[in-house]
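Trainee: Below is the file final-v5.cif, which contains mmCIF, C-alpha atoms and all ligand atoms.
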data_target
loop_
_atom_site.label_atom_id
_atom_site.label_comp_id
_atom_site.auth_asym_id
_atom_site.auth_seq_id
_atom_site.Cartn_x
_atom_site.Cartn_y
_atom_site.Cartn_z
CA MET A 209 -33.85 -8.93 -3.15
CA LYS A 210 -32.32 -5.46 -3.27
CA LEU A 211 -28.62 -5.73 -3.99
CA PRO A 212 -26.08 -3.62 -2.06
CA VAL A 213 -24.41 -0.63 -3.69
CA VAL A 214 -20.68 -0.86 -4.42
CA ARG A 215 -18.84 2.24 -5.64
CA VAL A 216 -16.00 1.40 -8.04
CA PHE A 217 -13.31 4.09 -8.16
CA ALA A 218 -11.18 3.61 -11.29
CA LEU A 219 -7.68 5.07 -11.24
CA GLY A 220 -6.19 3.53 -14.39
CA GLY A 221 -3.42 0.91 -14.50
CA THR A 222 -3.07 -2.22 -16.61
CA ILE A 223 -6.66 -3.25 -15.90
CA ALA A 224 -7.76 -0.18 -17.89
CA THR A 225 -5.20 -0.29 -20.68
CA ALA A 226 -5.61 -0.37 -24.44
CA ALA A 227 -2.94 -0.29 -27.12
CA ARG A 228 -2.18 2.96 -28.85
CA ALA A 229 -0.22 3.71 -31.99
CA ALA A 230 3.13 5.43 -31.67
CA LYS A 231 2.93 9.19 -31.90
CA ARG A 232 5.86 11.46 -32.58
CA ARG A 233 7.01 11.68 -28.96
CA ASP A 234 5.31 8.73 -27.26
CA ALA A 235 6.46 5.16 -27.59
CA ALA A 236 3.89 2.66 -28.79
CA GLY A 237 2.51 0.47 -26.06
CA LEU A 238 -0.26 0.23 -23.53
CA VAL A 239 -1.71 3.22 -21.75
CA PRO A 240 -4.69 3.40 -19.37
CA SER A 241 -7.68 4.52 -21.40
CA LEU A 242 -10.68 2.26 -20.65
CA SER A 243 -13.26 4.16 -18.64
CA ALA A 244 -14.66 3.09 -15.28
CA ASP A 245 -17.96 2.31 -17.04
CA ALA A 246 -16.17 0.17 -19.64
CA LEU A 247 -14.43 -1.84 -16.89
CA VAL A 248 -17.74 -2.53 -15.22
CA ASP A 249 -19.59 -3.25 -18.48
CA ALA A 250 -16.96 -5.88 -19.35
CA VAL A 251 -18.11 -7.98 -16.36
CA PRO A 252 -21.89 -8.51 -16.77
CA SER A 253 -22.07 -10.85 -13.76
CA LEU A 254 -21.30 -7.91 -11.45
CA SER A 255 -24.97 -7.02 -11.72
CA ASP A 256 -25.83 -10.30 -9.94
CA VAL A 257 -23.72 -9.23 -6.95
CA ALA A 258 -24.23 -5.49 -6.46
CA ARG A 259 -25.55 -2.25 -7.89
CA ILE A 260 -22.37 -0.68 -9.20
CA GLU A 261 -21.69 3.04 -9.20
CA ALA A 262 -18.61 3.60 -11.35
CA VAL A 263 -16.46 6.68 -10.66
CA GLN A 264 -13.62 7.73 -12.97
CA PHE A 265 -11.27 9.09 -10.31
CA ARG A 266 -7.93 9.16 -12.18
CA GLN A 267 -6.73 7.62 -15.47
CA VAL A 268 -3.01 7.00 -14.97
CA PRO A 269 -0.40 4.25 -14.69
CA SER A 270 0.09 3.69 -10.99
CA PRO A 271 3.71 4.98 -10.88
CA HIS A 272 2.14 8.35 -11.78
CA LEU A 273 -0.07 8.36 -8.67
CA THR A 274 0.96 10.67 -5.84
CA THR A 275 0.32 10.62 -2.12
CA GLY A 276 -1.98 13.59 -2.76
CA ASP A 277 -4.06 11.46 -5.15
CA ILE A 278 -4.52 8.82 -2.46
CA VAL A 279 -5.37 11.41 0.19
CA ASP A 280 -8.03 12.79 -2.20
CA LEU A 281 -9.28 9.26 -2.82
CA ALA A 282 -9.53 8.60 0.91
CA CYS A 283 -11.59 11.80 1.30
CA ALA A 284 -13.90 10.74 -1.56
CA ILE A 285 -14.35 7.26 -0.09
CA ALA A 286 -14.96 8.66 3.39
CA ALA A 287 -17.69 10.95 2.06
CA ASN A 288 -19.93 8.01 1.08
CA PRO A 289 -20.96 5.07 3.30
CA ALA A 290 -21.12 2.51 0.47
CA ALA A 291 -18.78 -0.46 0.16
CA THR A 292 -15.94 0.52 -2.16
CA VAL A 293 -13.73 -1.10 -4.77
CA VAL A 294 -10.66 0.68 -6.15
CA THR A 295 -9.12 -0.38 -9.48
CA GLN A 296 -5.61 0.81 -10.23
CA GLY A 297 -2.17 -0.19 -11.50
CA THR A 298 -0.49 -2.97 -9.61
CA ASP A 299 2.95 -1.40 -9.23
CA THR A 300 1.97 0.70 -6.23
CA ILE A 301 -0.91 -1.21 -4.64
CA GLU A 302 1.28 -2.26 -1.70
CA GLU A 303 1.53 1.41 -0.77
CA THR A 304 -1.80 2.85 -1.91
CA ALA A 305 -3.92 0.17 -0.23
CA PHE A 306 -1.96 0.62 2.98
CA ALA A 307 -2.25 4.41 2.73
CA LEU A 308 -6.03 4.07 2.43
CA GLU A 309 -5.96 1.83 5.49
CA CYS A 310 -4.06 4.53 7.42
CA LEU A 311 -6.57 7.19 6.35
CA LEU A 312 -9.98 5.52 6.64
CA ALA A 313 -11.74 5.24 9.98
CA ARG A 314 -14.72 3.28 8.79
CA ASP A 315 -15.98 -0.27 8.88
CA ALA A 316 -17.54 -0.30 5.39
CA PRO A 317 -15.34 -2.50 3.16
CA VAL A 318 -12.71 -1.11 0.82
CA VAL A 319 -11.14 -3.58 -1.63
CA VAL A 320 -8.34 -2.67 -4.03
CA THR A 321 -7.66 -4.62 -7.22
CA GLY A 322 -6.13 -4.39 -10.69
CA ALA A 323 -4.77 -6.73 -13.33
CA MET A 324 -1.46 -8.38 -14.09
CA ARG A 325 -2.43 -9.45 -17.62
CA ASN A 326 -3.66 -6.59 -19.76
CA PRO A 327 -7.04 -6.75 -21.56
CA THR A 328 -5.46 -7.61 -24.93
CA LEU A 329 -4.00 -10.90 -23.63
CA PRO A 330 -5.63 -14.32 -23.45
CA GLY A 331 -6.53 -14.99 -19.83
CA ALA A 332 -6.62 -11.30 -18.87
CA ASP A 333 -7.25 -11.31 -15.12
CA GLY A 334 -8.84 -7.87 -14.73
CA PRO A 335 -12.49 -8.98 -15.06
CA ALA A 336 -12.08 -11.88 -12.60
CA ASN A 337 -10.23 -9.65 -10.14
CA LEU A 338 -12.92 -6.97 -10.36
CA LEU A 339 -15.65 -9.54 -9.78
CA ALA A 340 -13.76 -11.02 -6.80
CA ALA A 341 -13.21 -7.54 -5.36
CA VAL A 342 -16.92 -6.72 -5.58
CA GLN A 343 -17.80 -10.10 -4.07
CA ALA A 344 -15.42 -9.35 -1.21
CA ALA A 345 -16.82 -5.83 -0.84
CA VAL A 346 -20.36 -7.13 -0.24
CA ASP A 347 -19.29 -9.93 2.09
CA ALA A 348 -20.27 -9.34 5.73
CA GLY A 349 -16.85 -10.61 6.87
CA SER A 350 -15.07 -7.73 5.15
CA ALA A 351 -16.63 -5.06 7.37
CA GLY A 352 -14.20 -3.76 9.97
CA SER A 353 -11.29 -5.69 8.47
CA GLY A 354 -9.33 -2.72 7.20
CA VAL A 355 -8.50 -2.29 3.53
CA LEU A 356 -8.34 -5.51 1.49
CA VAL A 357 -6.60 -6.41 -1.76
CA ALA A 358 -8.20 -8.92 -4.17
CA PHE A 359 -6.12 -10.78 -6.79
CA ASN A 360 -6.10 -14.25 -8.27
CA ASP A 361 -9.16 -15.23 -6.16
CA GLU A 362 -7.28 -14.41 -2.97
CA ILE A 363 -8.05 -11.68 -0.44
CA HIS A 364 -5.13 -10.06 1.36
CA ALA A 365 -4.84 -7.47 4.11
CA ALA A 366 -3.35 -4.18 2.86
CA ARG A 367 -0.87 -4.19 5.74
CA PHE A 368 0.61 -7.55 4.72
CA VAL A 369 0.26 -7.72 0.94
CA VAL A 370 3.26 -7.45 -1.36
CA LYS A 371 3.66 -7.52 -5.12
CA GLY A 372 6.18 -10.31 -5.26
CA ASN A 373 6.46 -10.88 -9.01
CA THR A 374 6.64 -8.52 -11.97
CA ALA A 375 4.31 -10.42 -14.30
CA LEU A 376 2.46 -13.43 -12.89
CA PRO A 377 -1.28 -13.28 -12.14
CA SER A 378 -0.28 -14.74 -8.75
CA ALA A 379 2.02 -11.75 -8.06
CA PHE A 380 0.18 -10.64 -4.93
CA ALA A 381 0.90 -12.55 -1.73
CA SER A 382 1.13 -12.08 2.01
CA PRO A 383 4.42 -13.83 2.86
CA GLN A 384 4.29 -12.59 6.45
CA CYS A 385 1.23 -14.64 7.41
CA GLY A 386 -0.74 -15.79 4.34
CA ARG A 387 -3.97 -14.72 2.65
CA LEU A 388 -6.99 -13.73 4.70
CA ALA A 389 -9.51 -15.43 2.45
CA GLN A 390 -10.14 -17.19 -0.84
CA VAL A 391 -12.96 -16.62 -3.30
CA VAL A 392 -14.67 -19.91 -4.10
CA GLU A 393 -17.83 -20.20 -6.24
CA GLY A 394 -18.41 -16.50 -5.55
CA ARG A 395 -18.25 -17.02 -1.77
CA ILE A 396 -15.57 -15.52 0.45
CA CYS A 397 -14.01 -18.30 2.50
CA TRP A 398 -12.18 -16.69 5.45
CA PHE A 399 -9.09 -18.27 7.01
CA GLN A 400 -8.06 -15.43 9.31
CA ARG A 401 -9.14 -11.89 10.11
CA VAL A 402 -7.57 -8.61 11.11
CA ASP A 403 -9.13 -5.55 12.77
CA ARG A 404 -8.84 -2.19 11.13
CA LEU A 405 -5.95 0.04 12.18
CA PRO A 406 -6.27 3.42 13.93
CA ALA A 407 -6.64 6.07 11.23
CA LEU A 408 -5.35 9.58 10.59
CA ASP A 409 -7.86 12.15 9.32
CA PRO A 410 -7.29 12.62 5.53
CA ALA A 411 -8.94 16.04 5.63
CA LYS A 412 -6.26 17.33 8.02
CA LEU A 413 -3.13 16.52 6.04
CA GLU A 414 -0.61 19.03 4.76
CA ARG A 415 0.90 18.13 1.42
CA SER A 416 4.59 19.01 1.50
CA VAL A 417 6.53 16.42 3.45
CA ARG A 418 9.63 14.58 2.20
CA VAL A 419 10.23 11.09 3.56
CA PRO A 420 12.62 8.88 1.56
CA LEU A 421 13.23 5.17 1.98
CA TRP A 422 16.89 4.20 2.16
CA THR A 423 17.91 0.57 1.68
CA VAL A 424 21.13 -0.23 3.51
CA THR A 425 23.64 -2.33 1.56
CA LEU A 426 26.94 -4.02 2.40
CA GLY A 427 29.58 -1.49 3.37
CA ASP A 428 27.23 1.53 3.29
CA ASP A 429 29.03 4.19 5.35
CA GLY A 430 26.13 6.62 5.41
CA GLU A 431 28.04 9.40 3.67
CA LEU A 432 25.57 9.75 0.79
CA LEU A 433 22.61 9.59 3.15
CA GLU A 434 24.14 12.38 5.21
CA THR A 435 23.96 14.68 2.19
CA LEU A 436 20.16 14.34 2.21
CA GLY A 437 20.02 15.36 5.86
CA GLU A 438 18.81 18.95 5.55
CA ARG A 439 16.32 18.22 2.79
CA ILE A 440 14.15 15.57 4.44
CA ASP A 441 11.46 15.65 7.12
CA GLY A 442 11.69 12.00 8.10
CA LEU A 443 13.48 8.85 7.00
CA VAL A 444 12.72 5.15 6.77
CA VAL A 445 15.67 2.79 6.62
CA ALA A 446 15.37 -0.73 5.23
CA THR A 447 17.97 -2.30 7.49
CA MET A 448 19.81 -5.58 7.19
CA GLY A 449 18.24 -8.60 8.88
CA GLY A 450 16.63 -7.94 12.25
CA GLY A 451 17.46 -4.21 12.28
CA HIS A 452 21.18 -3.78 11.65
CA VAL A 453 23.44 -1.31 9.81
CA PRO A 454 27.22 -0.86 9.41
CA PRO A 455 28.81 1.12 12.32
CA PRO A 456 29.52 4.36 10.39
CA MET A 457 25.93 4.42 9.23
CA ALA A 458 24.71 4.05 12.84
CA CYS A 459 26.49 7.34 13.66
CA VAL A 460 24.93 9.12 10.66
CA LEU A 461 21.47 7.79 11.53
CA GLY A 462 21.92 8.80 15.16
CA LYS A 463 22.65 12.39 14.11
CA LEU A 464 19.61 12.40 11.82
CA ALA A 465 17.41 10.92 14.54
CA ALA A 466 18.27 13.87 16.78
CA ARG A 467 16.57 16.14 14.22
CA ILE A 468 13.91 14.12 12.37
CA PRO A 469 12.01 10.86 12.93
CA VAL A 470 14.06 7.88 11.73
CA VAL A 471 12.08 4.66 11.41
CA LEU A 472 13.72 1.26 10.96
CA ALA A 473 12.23 -1.63 9.00
CA SER A 474 13.86 -4.75 7.56
CA ARG A 475 14.85 -5.47 3.99
CA ALA A 476 14.52 -9.20 4.80
CA GLY A 477 10.90 -9.39 3.65
CA THR A 478 9.29 -11.16 6.59
CA GLY A 479 9.65 -11.25 10.35
CA PRO A 480 9.77 -8.47 12.96
CA LEU A 481 12.83 -6.42 13.87
CA LEU A 482 14.74 -7.69 16.87
CA ARG A 483 14.78 -5.70 20.11
CA ALA A 484 17.23 -7.25 22.51
CA THR A 485 19.63 -9.71 20.88
CA TYR A 486 22.74 -8.07 19.38
CA GLY A 487 25.01 -5.72 21.33
CA TYR A 488 27.38 -4.60 18.55
CA ALA A 489 27.66 -1.12 17.01
CA GLY A 490 24.87 -0.75 14.45
CA GLY A 491 22.84 -3.54 16.06
CA GLU A 492 19.21 -3.12 17.08
CA ILE A 493 20.02 -2.20 20.71
CA ASP A 494 22.54 0.44 19.60
CA LEU A 495 20.10 1.94 17.07
CA ALA A 496 17.25 2.09 19.60
CA SER A 497 19.55 3.87 22.07
CA ARG A 498 20.24 6.47 19.35
CA GLY A 499 16.55 7.40 19.23
CA MET A 500 15.28 5.48 16.22
CA THR A 501 11.80 3.97 16.00
CA SER A 502 11.20 0.35 15.04
CA ALA A 503 8.51 -0.41 12.45
CA GLY A 504 8.19 -3.94 13.90
CA TRP A 505 7.14 -6.31 11.11
CA LEU A 506 5.86 -3.60 8.75
CA ALA A 507 7.53 -3.64 5.31
CA PRO A 508 9.82 -0.68 4.53
CA ASN A 509 7.60 0.84 1.81
CA LYS A 510 4.52 0.66 4.05
CA ALA A 511 6.48 2.09 6.99
CA ARG A 512 7.53 4.97 4.73
CA MET A 513 3.91 5.56 3.76
CA LEU A 514 2.77 5.66 7.38
CA LEU A 515 5.58 8.00 8.42
CA GLN A 516 4.87 10.34 5.53
CA LEU A 517 1.13 10.49 6.32
CA ALA A 518 1.83 10.92 10.04
CA LEU A 519 4.17 13.86 9.39
CA MET A 520 1.66 15.35 6.95
CA ALA A 521 -0.87 15.14 9.79
CA GLY A 522 1.52 16.86 12.20
CA GLU A 523 1.74 13.78 14.46
CA SER A 524 4.54 14.07 17.00
CA ASP A 525 4.32 10.68 18.75
CA ILE A 526 5.77 8.54 15.95
CA PRO A 527 6.60 5.45 18.09
CA ARG A 528 2.92 5.21 19.14
CA LEU A 529 1.85 5.00 15.49
CA PHE A 530 4.04 1.97 14.91
CA GLU A 531 2.86 0.10 18.01
CA PRO A 532 0.21 -1.93 16.11
CA PHE A 533 3.00 -3.60 14.16
CA PHE A 534 4.80 -5.18 17.09
N1 LIG B 1 2.69 -0.53 -14.67
C1 LIG B 1 1.32 -0.84 -14.37
C2 LIG B 1 0.78 0.11 -13.34
O1 LIG B 1 1.07 -0.04 -12.19
C3 LIG B 1 1.24 -2.23 -13.91
C4 LIG B 1 -0.14 -2.71 -13.63
O2 LIG B 1 -1.09 -2.00 -13.60
O3 LIG B 1 -0.27 -3.92 -13.41
O4 LIG B 1 0.04 0.99 -13.70
#
The structure in this file should be written as structure tokens.
Mentor:
Amino acid sequence: MKLPVVRVFALGGTIATAARAAKRRDAAGLVPSLSADALVDAVPSLSDVARIEAVQFRQVPSPHLTTGDIVDLACAIAANPAATVVTQGTDTIEETAFALECLLARDAPVVVTGAMRNPTLPGADGPANLLAAVQAAVDAGSAGSGVLVAFNDEIHAARFVVKGNTALPSAFASPQCGRLAQVVEGRICWFQRVDRLPALDPAKLERSVRVPLWTVTLGDDGELLETLGERIDGLVVATMGGGHVPPPMACVLGKLAARIPVVLASRAGTGPLLRATYGYAGGEIDLASRGMTSAGWLAPNKARMLLQLALMAGESDIPRLFEPFF
């Protein structure tokens, strides 16, 4: 039987790290240096599942990745019809996997993975995660499901997945609604499915848009945020609870919303924003009346990603883009 092709784009991260000696300026410690071919060669059983084409796309820790890198990656993935696996650092997978989802209008599977335990440790999880990602990439159920994230023998939807722990191999979870699937004996056992989201065209994005994420905290009067006003093109606010901010901040946000898109998400972690419950100043009804857009149940960092990509694409109807998350 002819096995399917899976392209593995390697971007670096812990999965690709090796120790290096301290140099004059650099601290000793792990840096990404294992090649895409080395990652694949370390998992001989991949050849039972697919014909792997390894691509060294970047070689960086994931905090060094930029939105431009992910836009370029989306273009490279879009240029080839094969199922795709992306390996990268775990720190930014919540955002990069979701960005790919926002940029790819295709049904061929894309599965993102990495490692929590580096290759020098007993029980390093990179090889198992890579194998699970390739198994998910060739599974018929993955087609049309949007971008997936494979860790710890679990398959998550990019739109739901969070990195919820700094060190455990079980760091990745979907607290909003649970995993989509589990990998068992090399099979993908599906529990629930999602359809892919509408996509922006990665080839049509401009690169210079500033969209910060501001987390509201107790007593925040908005004064500091106001100083950013002229320098930003859009803003995502991680609000309290179901979409609430202190009254002085509501005024600041209202002024900003008259000039730039202001999108509200919740810092609570799960659950959608409210729409019609609280009538106080800074409550969800007040903020909606001041022209802000709700991100529904989308996490603040993913909402920021979508707003940034949308503004890079010159989209003007921002509320429409957030409709799938209600
Ligand atoms: N700091 C690393 C990175 O994101 C963590 C990891 O890969 O797990 O590149």
Trainee: Can you tell me which residues sit at most 12 Å away from ligand LIG 1 (chain B), counting only C-alpha atoms and all ligand atoms, written as a ChimeraX atom specification?
Mentor: /A:218-226,237-241,266-273,295-304,321-327,332-334,337,359,371,373-380
Trainee: Separation of CA of Val419 in chain A and CA of Gly522 in chain A, in Å?
Mentor: 13.6 Å
Trainee: Can you measure CA of Ile468 in chain A to CA of Leu515 in chain A for me? One decimal in Å is fine.
Mentor: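 Those two atoms sit 11.1 Å apart.
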Trainee: Could you pull the residues within 10 Å of Ala250 in chain A, counting all atoms listed in the file, minus those fewer than 4 positions along the same chain, as JSON, numbers by chain?
Mentor: {"A": [245, 246, 254, 334, 335, 338]}
Trainee: Kindly export the residues of the current selection with C-alpha atoms, as a PDB file, in the coordinates of the input.
Mentor:
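For reference, part39.pdb as written:
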ATOM      1  CA  ASP A 245     -17.960   2.310 -17.040  1.00  0.00           C
ATOM      2  CA  ALA A 246     -16.170   0.170 -19.640  1.00  0.00           C
ATOM      3  CA  LEU A 254     -21.300  -7.910 -11.450  1.00  0.00           C
ATOM      4  CA  GLY A 334      -8.840  -7.870 -14.730  1.00  0.00           C
ATOM      5  CA  PRO A 335     -12.490  -8.980 -15.060  1.00  0.00           C
ATOM      6  CA  LEU A 338     -12.920  -6.970 -10.360  1.00  0.00           C
TER       7      LEU A 338
END
Trainee: Find the residues near Asp403 in chain A: any atom within 9 Å, counting only C-alpha atoms, skip ones fewer than 4 places away on the same chain, and give them as a VMD selection string.
Mentor: chain A and resid 352 to 354
Trainee: What is the CA of Leu472 in chain A to CA of Val444 in chain A distance in Å?
Mentor: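 Result for CA of Leu472 in chain A versus CA of Val444 in chain A: 5.8 Å, one decimal.
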Trainee: May I ask which of the residues A:Val214, A:Ala411, A:Leu517, A:Val392 is the closest one to Leu281 in chain A, counting only C-alpha atoms?
Mentor: A:Ala411
Trainee: Report as CSV: every residue of range 487-515 of chain A with an atom at most 10 Å from range 449-465 of chain A, its closest pair of atoms, and their distance in Å to one decimal, counting all atoms listed in the file, with rows sorted by chain and ascending residue number.
Mentor:
residue,atom,partner,partner_atom,distance
A:Tyr488,CA,A:Pro455,CA,8.6
A:Ala489,CA,A:Pro455,CA,5.3
A:Gly490,CA,A:Pro455,CA,4.9
A:Gly491,CA,A:His452,CA,4.7
A:Glu492,CA,A:Gly451,CA,5.2
A:Ile493,CA,A:Gly451,CA,9.0
A:Asp494,CA,A:Ala458,CA,8.0
A:Leu495,CA,A:Ala458,CA,6.6
A:Ala496,CA,A:Gly462,CA,9.3
A:Ser497,CA,A:Gly462,CA,8.8
A:Arg498,CA,A:Gly462,CA,5.1
A:Gly499,CA,A:Ala465,CA,5.9
A:Met500,CA,A:Ala465,CA,6.1
A:Thr501,CA,A:Ala465,CA,9.1
A:Ser502,CA,A:Gly451,CA,8.2
A:Ala503,CA,A:Gly451,CA,9.7
A:Gly504,CA,A:Gly451,CA,9.4
A:Trp505,CA,A:Gly450,CA,9.7
Trainee: If you keep C-alpha atoms, can you produce a file of those selected residues as a compact mmCIF listing (two decimals), in the coordinates of the input?
Mentor:
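Final file, selection_6.txt:
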# COMPACT_ATOMS: atom_id res chain seq x y z
CA TYR A 488 27.38 -4.60 18.55
CA ALA A 489 27.66 -1.12 17.01
CA GLY A 490 24.87 -0.75 14.45
CA GLY A 491 22.84 -3.54 16.06
CA GLU A 492 19.21 -3.12 17.08
CA ILE A 493 20.02 -2.20 20.71
CA ASP A 494 22.54 0.44 19.60
CA LEU A 495 20.10 1.94 17.07
CA ALA A 496 17.25 2.09 19.60
CA SER A 497 19.55 3.87 22.07
CA ARG A 498 20.24 6.47 19.35
CA GLY A 499 16.55 7.40 19.23
CA MET A 500 15.28 5.48 16.22
CA THR A 501 11.80 3.97 16.00
CA SER A 502 11.20 0.35 15.04
CA ALA A 503 8.51 -0.41 12.45
CA GLY A 504 8.19 -3.94 13.90
CA TRP A 505 7.14 -6.31 11.11
Trainee: If you count all atoms listed in the file, which residues fall within 10 Å of Arg404 in chain A, apart from same-chain ones fewer than 3 positions away, as a VMD selection string?
Mentor: chain A and resid 309 to 310 312 to 315 351 to 355 365 367 401 407
Trainee: Residues near Val279 in chain A, anyone? I mean within 7 Å using all atoms listed in the file, not counting same-chain ones fewer than 4 positions away, as a PyMOL selection string.
Mentor: chain A and resi 275+283+410
Trainee: Please write the residues from the selection above to a file, keeping C-alpha atoms, as a short mmCIF file (atom, residue, chain, number, x, y, z; two decimals), in the frame of the given file.
Mentor:
data_model
loop_
_atom_site.label_atom_id
_atom_site.label_comp_id
_atom_site.auth_asym_id
_atom_site.auth_seq_id
_atom_site.Cartn_x
_atom_site.Cartn_y
_atom_site.Cartn_z
CA THR A 275 0.32 10.62 -2.12
CA CYS A 283 -11.59 11.80 1.30
CA PRO A 410 -7.29 12.62 5.53
#
Trainee: Find the residues with any atom within 7 Å of (-9.3, 4.8, 2.7); use all atoms listed in the file and the coordinates as given in the file, and write the answer as a list in words.
Mentor: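 Within 7 Å of (-9.3, 4.8, 2.7), the protein and nucleic acid residues are Ala282, Ile285, Ala286, Leu308, Glu309, Leu311 and Leu312 of chain A.
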Trainee: Go ahead and dump the residues you just picked, C-alpha atoms, as an mmCIF file, in the coordinates of the input.
Mentor:
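Output file part16.cif is given in full below:
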data_model
loop_
_atom_site.group_PDB
_atom_site.id
_atom_site.type_symbol
_atom_site.label_atom_id
_atom_site.label_comp_id
_atom_site.auth_asym_id
_atom_site.auth_seq_id
_atom_site.Cartn_x
_atom_site.Cartn_y
_atom_site.Cartn_z
ATOM 1 C CA ALA A 282 -9.530 8.600 0.910
ATOM 2 C CA ILE A 285 -14.350 7.260 -0.090
ATOM 3 C CA ALA A 286 -14.960 8.660 3.390
ATOM 4 C CA LEU A 308 -6.030 4.070 2.430
ATOM 5 C CA GLU A 309 -5.960 1.830 5.490
ATOM 6 C CA LEU A 311 -6.570 7.190 6.350
ATOM 7 C CA LEU A 312 -9.980 5.520 6.640
#
Trainee: In file coordinates, which residues lie within 10 Å of (-21.5, -10.6, 1.6) using only C-alpha atoms, given as an MDAnalysis selection string?
Mentor: chainID A and resid 212 257:258 342:351 394:396
Trainee: Could you write out the selected residues, including C-alpha atoms, as a PDB file, keeping the file's coordinate frame?
Mentor:
ATOM      1  CA  PRO A 212     -26.080  -3.620  -2.060  1.00  0.00           C
ATOM      2  CA  VAL A 257     -23.720  -9.230  -6.950  1.00  0.00           C
ATOM      3  CA  ALA A 258     -24.230  -5.490  -6.460  1.00  0.00           C
ATOM      4  CA  VAL A 342     -16.920  -6.720  -5.580  1.00  0.00           C
ATOM      5  CA  GLN A 343     -17.800 -10.100  -4.070  1.00  0.00           C
ATOM      6  CA  ALA A 344     -15.420  -9.350  -1.210  1.00  0.00           C
ATOM      7  CA  ALA A 345     -16.820  -5.830  -0.840  1.00  0.00           C
ATOM      8  CA  VAL A 346     -20.360  -7.130  -0.240  1.00  0.00           C
ATOM      9  CA  ASP A 347     -19.290  -9.930   2.090  1.00  0.00           C
ATOM     10  CA  ALA A 348     -20.270  -9.340   5.730  1.00  0.00           C
ATOM     11  CA  GLY A 349     -16.850 -10.610   6.870  1.00  0.00           C
ATOM     12  CA  SER A 350     -15.070  -7.730   5.150  1.00  0.00           C
ATOM     13  CA  ALA A 351     -16.630  -5.060   7.370  1.00  0.00           C
ATOM     14  CA  GLY A 394     -18.410 -16.500  -5.550  1.00  0.00           C
ATOM     15  CA  ARG A 395     -18.250 -17.020  -1.770  1.00  0.00           C
ATOM     16  CA  ILE A 396     -15.570 -15.520   0.450  1.00  0.00           C
TER      17      ILE A 396
END
Trainee: Given all atoms listed in the file as the basis, pick out the residue of A:Glu523, A:Asp256, A:Glu261, A:Asp441 nearest to Leu408 in chain A.
Mentor: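 Of all the options, A:Glu523 lies closest to Leu408 in chain A.
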